[in-house]
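Participant: The file below is input.txt, compact mmCIF, C-alpha atoms and all ligand atoms:
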```
# COMPACT_ATOMS: atom_id res chain seq x y z
CA THR A 1 18.78 70.89 -4.79
CA LYS A 2 16.83 71.29 -1.56
CA SER A 3 13.92 73.08 -3.21
CA LEU A 4 11.30 71.27 -1.12
CA ALA A 5 13.02 71.64 2.24
CA ARG A 6 10.51 72.20 5.06
CA LYS A 7 7.68 70.74 2.94
CA THR A 8 5.79 67.66 4.13
CA VAL A 9 4.68 65.19 1.46
CA PHE A 10 2.06 62.46 1.84
CA ILE A 11 2.23 59.78 -0.89
CA THR A 12 -0.14 56.86 -1.41
CA ALA A 13 0.99 53.59 -3.06
CA ALA A 14 4.63 54.38 -2.34
CA GLY A 15 5.68 50.74 -1.93
CA GLN A 16 6.61 50.12 -5.55
CA GLY A 17 6.68 51.59 -9.06
CA ILE A 18 6.08 55.32 -9.56
CA GLY A 19 5.00 55.93 -5.95
CA ARG A 20 8.19 54.41 -4.58
CA ALA A 21 10.40 56.37 -7.00
CA SER A 22 8.49 59.52 -6.05
CA ALA A 23 8.98 58.95 -2.31
CA ILE A 24 12.72 58.73 -2.95
CA ALA A 25 12.76 61.75 -5.30
CA PHE A 26 10.82 63.94 -2.84
CA ALA A 27 13.17 62.88 -0.03
CA GLU A 28 16.17 63.74 -2.21
CA ALA A 29 14.58 67.14 -2.89
CA GLY A 30 14.70 67.75 0.86
CA ALA A 31 11.04 67.21 1.77
CA MET A 32 9.78 65.27 4.77
CA VAL A 33 8.11 62.27 3.12
CA HIS A 34 5.31 60.12 4.52
CA ALA A 35 5.28 57.10 2.25
CA THR A 36 2.21 54.88 2.58
CA ASP A 37 1.04 51.67 0.93
CA ILE A 38 -1.20 48.73 1.72
CA ASN A 39 1.80 46.42 1.26
CA GLU A 40 4.01 46.66 4.35
CA GLN A 41 6.63 44.33 2.90
CA ALA A 42 7.15 46.65 -0.07
CA LEU A 43 7.44 49.64 2.28
CA ALA A 44 10.15 47.84 4.26
CA ASP A 45 12.40 48.02 1.17
CA LEU A 46 12.34 51.82 1.02
CA PRO A 47 15.67 53.47 1.81
CA ARG A 48 16.18 54.23 5.50
CA VAL A 49 16.79 57.94 5.52
CA GLU A 50 15.81 60.40 8.21
CA ASN A 51 13.26 62.35 6.12
CA LEU A 52 11.36 59.31 4.79
CA LYS A 53 8.77 57.64 7.04
CA ALA A 54 6.89 54.57 5.82
CA SER A 55 3.57 53.34 7.18
CA ARG A 56 0.79 51.01 6.11
CA LEU A 57 -2.34 52.69 4.76
CA ASP A 58 -5.24 51.22 2.79
CA VAL A 59 -6.70 54.13 0.81
CA LEU A 60 -10.05 52.30 0.55
CA ASP A 61 -10.49 52.83 4.30
CA GLU A 62 -11.78 56.36 4.94
CA ALA A 63 -11.26 56.26 8.71
CA ALA A 64 -7.69 55.06 8.24
CA VAL A 65 -7.00 57.86 5.74
CA LYS A 66 -8.30 60.47 8.21
CA ALA A 67 -6.27 58.97 11.04
CA ALA A 68 -3.12 58.93 8.89
CA VAL A 69 -3.50 62.61 7.99
CA ASP A 70 -4.21 63.51 11.65
CA GLN A 71 -1.03 61.74 12.64
CA ILE A 72 1.10 63.44 9.97
CA GLY A 73 -0.31 66.84 10.95
CA GLN A 74 0.61 69.41 8.32
CA VAL A 75 0.50 68.06 4.74
CA ASP A 76 1.91 70.54 2.20
CA ILE A 77 1.98 68.18 -0.78
CA LEU A 78 -0.35 65.24 -1.41
CA PHE A 79 0.58 62.76 -4.15
CA ASN A 80 -2.29 60.37 -4.88
CA CYS A 81 -0.55 57.52 -6.68
CA ALA A 82 -2.70 54.46 -5.86
CA GLY A 83 -4.40 52.88 -8.85
CA VAL A 84 -5.34 49.56 -10.41
CA VAL A 85 -5.52 48.38 -14.04
CA HIS A 86 -8.28 46.07 -15.23
CA GLY A 87 -8.30 44.69 -18.78
CA GLY A 88 -11.33 44.34 -21.02
CA SER A 89 -13.77 46.25 -23.19
CA ILE A 90 -17.16 47.52 -21.98
CA LEU A 91 -18.70 44.14 -22.87
CA GLU A 92 -15.96 42.08 -21.24
CA MET A 93 -15.61 44.11 -18.06
CA LYS A 94 -17.11 42.87 -14.81
CA ASP A 95 -19.26 45.37 -12.90
CA SER A 96 -17.33 44.46 -9.77
CA ASP A 97 -14.08 45.49 -11.53
CA LEU A 98 -15.58 48.85 -12.48
CA ASP A 99 -16.78 49.45 -8.91
CA PHE A 100 -13.39 48.51 -7.53
CA ALA A 101 -11.57 50.71 -10.08
CA PHE A 102 -13.77 53.69 -9.14
CA ASP A 103 -13.15 53.07 -5.45
CA LEU A 104 -9.36 52.81 -5.74
CA ASN A 105 -8.63 55.09 -8.70
CA VAL A 106 -11.13 57.87 -8.00
CA LYS A 107 -12.82 57.75 -4.58
CA ALA A 108 -9.55 57.09 -2.74
CA MET A 109 -8.28 60.43 -4.11
CA ILE A 110 -11.45 62.13 -2.88
CA ARG A 111 -10.87 60.62 0.59
CA THR A 112 -7.27 61.85 0.85
CA ILE A 113 -8.06 65.29 -0.63
CA ARG A 114 -10.93 65.79 1.85
CA ALA A 115 -8.61 64.82 4.68
CA VAL A 116 -5.78 67.23 3.76
CA LEU A 117 -7.72 70.22 2.37
CA PRO A 118 -8.91 71.83 5.63
CA GLY A 119 -5.30 72.13 6.84
CA MET A 120 -4.10 73.40 3.47
CA LEU A 121 -6.87 76.01 3.41
CA GLU A 122 -5.96 77.21 6.91
CA ARG A 123 -2.42 77.87 5.70
CA LYS A 124 -3.57 78.98 2.21
CA ASP A 125 -0.93 76.69 0.73
CA GLY A 126 -1.11 73.22 -0.72
CA ALA A 127 -0.17 71.17 -3.77
CA ILE A 128 -2.25 68.15 -4.74
CA ILE A 129 -0.98 65.82 -7.46
CA ASN A 130 -3.18 63.02 -8.76
CA MET A 131 -2.09 60.06 -10.86
CA SER A 132 -4.10 59.80 -14.06
CA SER A 133 -2.90 58.27 -17.34
CA VAL A 134 -2.79 58.99 -21.06
CA ALA A 135 -5.41 56.20 -21.16
CA SER A 136 -8.21 58.49 -19.91
CA SER A 137 -10.05 61.37 -21.58
CA ILE A 138 -6.78 62.10 -23.40
CA LYS A 139 -6.63 58.89 -25.39
CA GLY A 140 -8.89 55.90 -25.90
CA VAL A 141 -6.89 52.69 -25.53
CA PRO A 142 -8.13 49.23 -26.53
CA ASN A 143 -8.93 46.76 -23.75
CA ARG A 144 -8.83 49.36 -20.95
CA PHE A 145 -12.48 50.41 -20.53
CA ALA A 146 -12.74 50.48 -16.71
CA TYR A 147 -9.23 51.87 -16.29
CA GLY A 148 -9.53 54.62 -18.90
CA THR A 149 -12.97 55.65 -17.63
CA THR A 150 -11.73 56.05 -14.07
CA LYS A 151 -8.53 57.83 -15.13
CA ALA A 152 -10.68 60.28 -17.12
CA ALA A 153 -12.58 60.92 -13.87
CA VAL A 154 -9.25 61.71 -12.21
CA ILE A 155 -8.68 64.53 -14.72
CA GLY A 156 -12.21 65.79 -14.00
CA LEU A 157 -11.83 65.76 -10.24
CA THR A 158 -8.41 67.43 -10.57
CA LYS A 159 -9.85 70.33 -12.59
CA HIS A 160 -12.82 70.77 -10.26
CA VAL A 161 -10.73 70.87 -7.08
CA ALA A 162 -8.41 73.31 -8.89
CA ALA A 163 -11.34 75.55 -9.87
CA ASP A 164 -12.87 75.63 -6.38
CA TYR A 165 -9.67 76.57 -4.55
CA VAL A 166 -7.54 78.47 -7.09
CA THR A 167 -7.90 81.74 -5.16
CA GLN A 168 -7.04 80.11 -1.82
CA GLY A 169 -3.47 78.97 -2.40
CA ILE A 170 -4.33 75.40 -3.38
CA ARG A 171 -3.02 73.89 -6.64
CA CYS A 172 -4.33 70.60 -7.97
CA ASN A 173 -2.76 68.96 -11.03
CA CYS A 174 -2.52 65.47 -12.45
CA ILE A 175 0.08 63.38 -14.23
CA CYS A 176 -0.74 61.35 -17.34
CA PRO A 177 2.01 58.83 -18.05
CA GLY A 178 2.38 56.57 -21.05
CA THR A 179 3.72 53.07 -20.38
CA VAL A 180 6.06 52.95 -17.40
CA GLU A 181 8.21 50.07 -16.15
CA SER A 182 6.74 48.86 -12.85
CA PRO A 183 6.00 45.64 -10.94
CA SER A 184 2.33 45.68 -11.96
CA LEU A 185 3.26 46.24 -15.63
CA GLN A 186 5.55 43.21 -15.33
CA ASP A 187 2.58 41.24 -13.93
CA ARG A 188 0.39 42.33 -16.86
CA MET A 189 3.06 41.28 -19.37
CA ARG A 190 3.46 37.88 -17.72
CA ALA A 191 -0.33 37.40 -17.53
CA GLN A 192 -0.55 37.60 -21.32
CA GLY A 193 1.35 34.29 -21.59
CA ASP A 194 4.08 35.26 -24.05
CA TYR A 195 6.10 37.79 -22.05
CA GLU A 196 8.45 38.91 -24.85
CA THR A 197 5.59 39.52 -27.32
CA ALA A 198 3.60 41.41 -24.68
CA ARG A 199 6.62 43.56 -23.80
CA ALA A 200 7.33 44.29 -27.48
CA ALA A 201 3.70 45.39 -27.95
CA PHE A 202 3.88 47.79 -24.99
CA ILE A 203 7.15 49.25 -26.33
CA ALA A 204 5.76 49.50 -29.88
CA ARG A 205 3.01 51.91 -28.78
CA GLN A 206 5.64 54.29 -27.36
CA PRO A 207 7.12 56.35 -30.26
CA MET A 208 10.36 56.86 -28.30
CA GLY A 209 10.86 53.09 -28.62
CA ARG A 210 11.15 52.39 -24.91
CA LEU A 211 9.14 52.31 -21.70
CA GLY A 212 9.31 55.20 -19.25
CA SER A 213 11.08 54.74 -15.94
CA PRO A 214 9.38 55.40 -12.58
CA GLU A 215 12.16 57.92 -11.87
CA GLU A 216 11.21 59.99 -14.94
CA ILE A 217 7.63 60.27 -13.66
CA ALA A 218 8.84 61.00 -10.11
CA ASP A 219 10.90 63.94 -11.43
CA LEU A 220 7.72 65.42 -12.93
CA ALA A 221 5.85 64.99 -9.63
CA VAL A 222 8.61 66.90 -7.80
CA TYR A 223 8.54 69.58 -10.49
CA ILE A 224 4.75 70.02 -10.27
CA ALA A 225 4.92 70.20 -6.46
CA GLY A 226 7.13 73.28 -6.80
CA ALA A 227 5.52 74.77 -9.93
CA THR A 228 3.65 77.59 -8.23
CA TYR A 229 1.96 79.11 -11.31
CA THR A 230 0.08 76.06 -12.55
CA SER A 231 -3.18 74.43 -11.47
CA GLY A 232 -5.86 72.24 -12.99
CA GLN A 233 -3.53 70.78 -15.59
CA ALA A 234 -3.03 67.27 -16.92
CA PHE A 235 0.70 66.82 -17.55
CA CYS A 236 1.42 64.18 -20.20
CA ILE A 237 4.69 62.29 -19.88
CA ASP A 238 4.26 59.55 -22.39
CA GLY A 239 7.25 58.81 -24.62
CA GLY A 240 5.51 60.58 -27.48
CA TRP A 241 2.30 58.50 -27.38
CA THR A 242 0.07 61.57 -27.85
CA ILE A 243 2.23 63.49 -30.35
P1 LIG B 1 2.17 49.42 -9.31
O1 LIG B 1 0.85 49.25 -9.96
O2 LIG B 1 3.23 48.41 -9.61
O3 LIG B 1 2.01 49.52 -7.73
C1 LIG B 1 0.81 49.95 -7.16
C2 LIG B 1 0.97 50.08 -5.66
O4 LIG B 1 -0.32 50.41 -5.13
C3 LIG B 1 1.41 48.81 -4.96
O5 LIG B 1 2.53 49.07 -4.12
C4 LIG B 1 0.18 48.41 -4.13
O6 LIG B 1 0.50 47.75 -2.92
C5 LIG B 1 -0.46 49.77 -3.89
N1 LIG B 1 -1.87 49.66 -3.53
C6 LIG B 1 -2.82 48.86 -4.11
N2 LIG B 1 -3.98 48.98 -3.46
C7 LIG B 1 -3.79 49.87 -2.46
C8 LIG B 1 -4.63 50.41 -1.44
N3 LIG B 1 -5.91 50.02 -1.32
N4 LIG B 1 -4.10 51.32 -0.58
C9 LIG B 1 -2.81 51.71 -0.69
N5 LIG B 1 -1.96 51.23 -1.63
C10 LIG B 1 -2.46 50.33 -2.50
O7 LIG B 1 2.76 50.89 -9.63
P2 LIG B 1 2.71 51.75 -10.99
O8 LIG B 1 2.55 50.87 -12.18
O9 LIG B 1 3.88 52.65 -10.90
O10 LIG B 1 1.36 52.58 -10.88
C11 LIG B 1 1.21 53.66 -9.97
C12 LIG B 1 0.13 54.60 -10.49
O11 LIG B 1 0.51 55.08 -11.77
C13 LIG B 1 -1.25 53.97 -10.66
O12 LIG B 1 -2.25 54.90 -10.33
C14 LIG B 1 -1.29 53.67 -12.15
O13 LIG B 1 -2.59 53.60 -12.66
C15 LIG B 1 -0.54 54.86 -12.70
N6 LIG B 1 -0.01 54.66 -14.04
C16 LIG B 1 0.90 53.66 -14.28
C17 LIG B 1 1.38 53.48 -15.58
C18 LIG B 1 2.36 52.38 -15.91
O14 LIG B 1 2.57 52.12 -17.10
N7 LIG B 1 3.00 51.74 -14.94
C19 LIG B 1 0.93 54.31 -16.61
C20 LIG B 1 0.02 55.32 -16.33
C21 LIG B 1 -0.44 55.48 -15.03
```
Let me see the structure of the file written as structure tokens.
Facilitator:
Amino acid sequence: TKSLARKTVFITAAGQGIGRASAIAFAEAGAMVHATDINEQALADLPRVENLKASRLDVLDEAAVKAAVDQIGQVDILFNCAGVVHGGSILEMKDSDLDFAFDLNVKAMIRTIRAVLPGMLERKDGAIINMSSVASSIKGVPNRFAYGTTKAAVIGLTKHVAADYVTQGIRCNCICPGTVESPSLQDRMRAQGDYETARAAFIARQPMGRLGSPEEIADLAVYIAGATYTSGQAFCIDGGWTI
């Protein structure tokens, strides 16, 4: 379908994993996609189609975020996908990890939302989609203190943006995946030493008995972008983790 034809989408962390799959899915849905990531090499692997433009953007850099949005012009759909996972409990976590997780997982979304909102408000139309996780305020997960705390903040910021602008044509929702196959998940499995045991443990916590695919999450992002009667929601897509 071409349901998102004439819509412009700005995606962060589109070089790999869910962000990459989403850039492709939005392009297939007919949107004009601006795929950004800090990793230029990863962006170079995106398919070369007319309605998908890739450019380097570090979402920690406020001036760069503003400049990127100025260059794109009209942003109809913002998908904030950038995020980082730190391991550890509250006692094991480093303060520097927590600060970094807040900067990348939470404040980066605030930067991009502030940059796109004035234009969306002028047109009284905009869809903002933020990447949270089931590991957030939805579910406490062992060994994920900094991550789960910041992803809970993503649900909070999503609901508060939704509440402030619900009468002005702006929708703001978030996605809460379970465990999804991605390059960084592969890194986390390898980092545990015994890859097969680590992989089996990740699969075991998913009642459907498998990991999610980035494409499954991307389909939900495209759906939410066009779901015009929903705002402020946290959409779980988690292989049955929260049943
Ligand atoms: P990933 O972690 O493999 O890739 C992350 C991407 O973010 C990389 O391309 C990286 O270059 C980019 N990035 C890192 N720092 C950046 C910065 N400062 N500016 C711009 N880009 C930057 O991909 P993933 O596992 O699909 O995760 C994507 C999002 O989904 C994250 O927010 C993650 O927390 C969330 N999530 C993932 C899972 C999972 O199981 N994979 C589950 C729930 C939520």
Participant: Produce a table with one row for each residue of chain A that has an atom at most 8 Å from any atom of ligand LIG 1 (chain B), each row naming the nearest atom pair and its distance in Å at one decimal; use all atoms listed in the file; arrange rows by chain and rising residue number; format as a Markdown table.
Facilitator:
```
| residue | atom | partner | partner_atom | distance |
| --- | --- | --- | --- | --- |
| A:Thr12 | CA | B:LIG1 | C9 | 5.8 |
| A:Ala13 | CA | B:LIG1 | O4 | 4.0 |
| A:Ala14 | CA | B:LIG1 | O5 | 6.0 |
| A:Gly15 | CA | B:LIG1 | O5 | 4.2 |
| A:Gln16 | CA | B:LIG1 | O5 | 4.4 |
| A:Gly17 | CA | B:LIG1 | O9 | 3.5 |
| A:Ile18 | CA | B:LIG1 | O9 | 3.7 |
| A:Gly19 | CA | B:LIG1 | C11 | 6.0 |
| A:Arg20 | CA | B:LIG1 | O5 | 7.8 |
| A:Thr36 | CA | B:LIG1 | C9 | 6.8 |
| A:Asp37 | CA | B:LIG1 | N5 | 4.0 |
| A:Ile38 | CA | B:LIG1 | C9 | 4.2 |
| A:Asn39 | CA | B:LIG1 | O6 | 4.6 |
| A:Ala42 | CA | B:LIG1 | O5 | 6.6 |
| A:Arg56 | CA | B:LIG1 | C9 | 7.7 |
| A:Leu57 | CA | B:LIG1 | C9 | 5.6 |
| A:Asp58 | CA | B:LIG1 | N4 | 3.6 |
| A:Val59 | CA | B:LIG1 | N4 | 4.1 |
| A:Leu60 | CA | B:LIG1 | N3 | 5.1 |
| A:Asp61 | CA | B:LIG1 | N3 | 7.8 |
| A:Asn80 | CA | B:LIG1 | O12 | 7.7 |
| A:Cys81 | CA | B:LIG1 | O12 | 4.8 |
| A:Ala82 | CA | B:LIG1 | O12 | 4.5 |
| A:Gly83 | CA | B:LIG1 | O12 | 3.3 |
| A:Val84 | CA | B:LIG1 | O13 | 5.4 |
| A:Val85 | CA | B:LIG1 | O13 | 6.1 |
| A:Leu104 | CA | B:LIG1 | N3 | 6.3 |
| A:Asn105 | CA | B:LIG1 | O12 | 6.6 |
| A:Met131 | CA | B:LIG1 | O12 | 5.2 |
| A:Ser132 | CA | B:LIG1 | C21 | 5.7 |
| A:Ser133 | CA | B:LIG1 | C20 | 4.3 |
| A:Val134 | CA | B:LIG1 | C20 | 6.6 |
| A:Ala135 | CA | B:LIG1 | C20 | 7.3 |
| A:Tyr147 | CA | B:LIG1 | O13 | 7.8 |
| A:Lys151 | CA | B:LIG1 | O13 | 7.7 |
| A:Ile175 | CA | B:LIG1 | C21 | 8.0 |
| A:Cys176 | CA | B:LIG1 | C20 | 6.2 |
| A:Pro177 | CA | B:LIG1 | C20 | 4.4 |
| A:Gly178 | CA | B:LIG1 | C19 | 5.2 |
| A:Thr179 | CA | B:LIG1 | O14 | 3.6 |
| A:Val180 | CA | B:LIG1 | O14 | 3.6 |
| A:Glu181 | CA | B:LIG1 | N7 | 5.6 |
| A:Ser182 | CA | B:LIG1 | O8 | 4.7 |
| A:Pro183 | CA | B:LIG1 | O2 | 4.1 |
| A:Ser184 | CA | B:LIG1 | O2 | 3.7 |
| A:Leu185 | CA | B:LIG1 | N7 | 5.5 |
| A:Gly212 | CA | B:LIG1 | O14 | 7.7 |
| A:Pro214 | CA | B:LIG1 | O9 | 6.4 |
```
Participant: Looking at A:Ala225, A:Ala67, A:Ala162, A:Met208, which one is nearest to A:Ile243, with distances taken over only C-alpha atoms?
Facilitator: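 Going through A:Ala225, A:Ala67, A:Ala162, A:Met208 one by one, the smallest distance to A:Ile243 is for A:Met208.
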Participant: Please measure the separation of atom CA of A:Ala146 and atom CA of A:Ala101, giving the value in Å to one decimal.
Facilitator: 6.7 Å
Participant: For A:Val106, work out the shell of residues within 9 Å, counting all atoms listed in the file and skipping chain neighbours fewer than 3 positions away, then give it as a list in words.
Facilitator: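 Near neighbours after the sequence-gap exclusion: Gly83, Ala101, Phe102, Asp103, Met109, Ile110, Thr150, Lys151, Ala153, Val154 and Leu157 of chain A.
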Participant: Provide the atom CA of A:Gly73 to atom CA of A:Arg123 distance in Å, to one decimal place.
Facilitator: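 Answer for the atom CA of A:Gly73 to atom CA of A:Arg123 separation: 12.4 Å.
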Participant: Which residue, A:Ser213, A:His86, A:Thr112, A:Gly226, has the smallest gap to A:Phe100 when you use all atoms listed in the file?
Facilitator: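 Counting all atoms listed in the file, the residue closest to A:Phe100 is A:His86.
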Participant: Select, from A:Tyr165, A:Trp241, A:Phe145, A:Phe202, the residue with the minimum atom-to-atom distance to A:Gly126, counting only C-alpha atoms.
Facilitator: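 Ranking A:Tyr165, A:Trp241, A:Phe145, A:Phe202 by distance to A:Gly126, first place goes to A:Tyr165.
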Participant: In Å, with one decimal, what is the gap from atom CA of A:Thr167 to atom CA of A:Val75?
Facilitator: 18.9 Å
Participant: Using all atoms listed in the file, find the one residue out of A:Ala218, A:Ala201, A:Val69, A:Leu4 that sits nearest to A:Gly30.
Facilitator: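 Nearest candidate to A:Gly30 out of A:Ala218, A:Ala201, A:Val69, A:Leu4: A:Leu4.
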Participant: Here is a test: counting only C-alpha atoms, which residue of A:Val161, A:Cys236, A:Ala21, A:Leu91 is nearest to A:Ala127?
Facilitator: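 Among the listed residues, A:Val161 lies closest to A:Ala127.
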Participant: For each of A:Ala200, A:Ala5, A:Ala31, A:Leu220, take the minimum atom-to-atom distance to A:Asn51, counting only C-alpha atoms, then give the residue where this is smallest.
Facilitator: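 Among A:Ala200, A:Ala5, A:Ala31, A:Leu220, it is A:Ala31 that comes nearest to A:Asn51.
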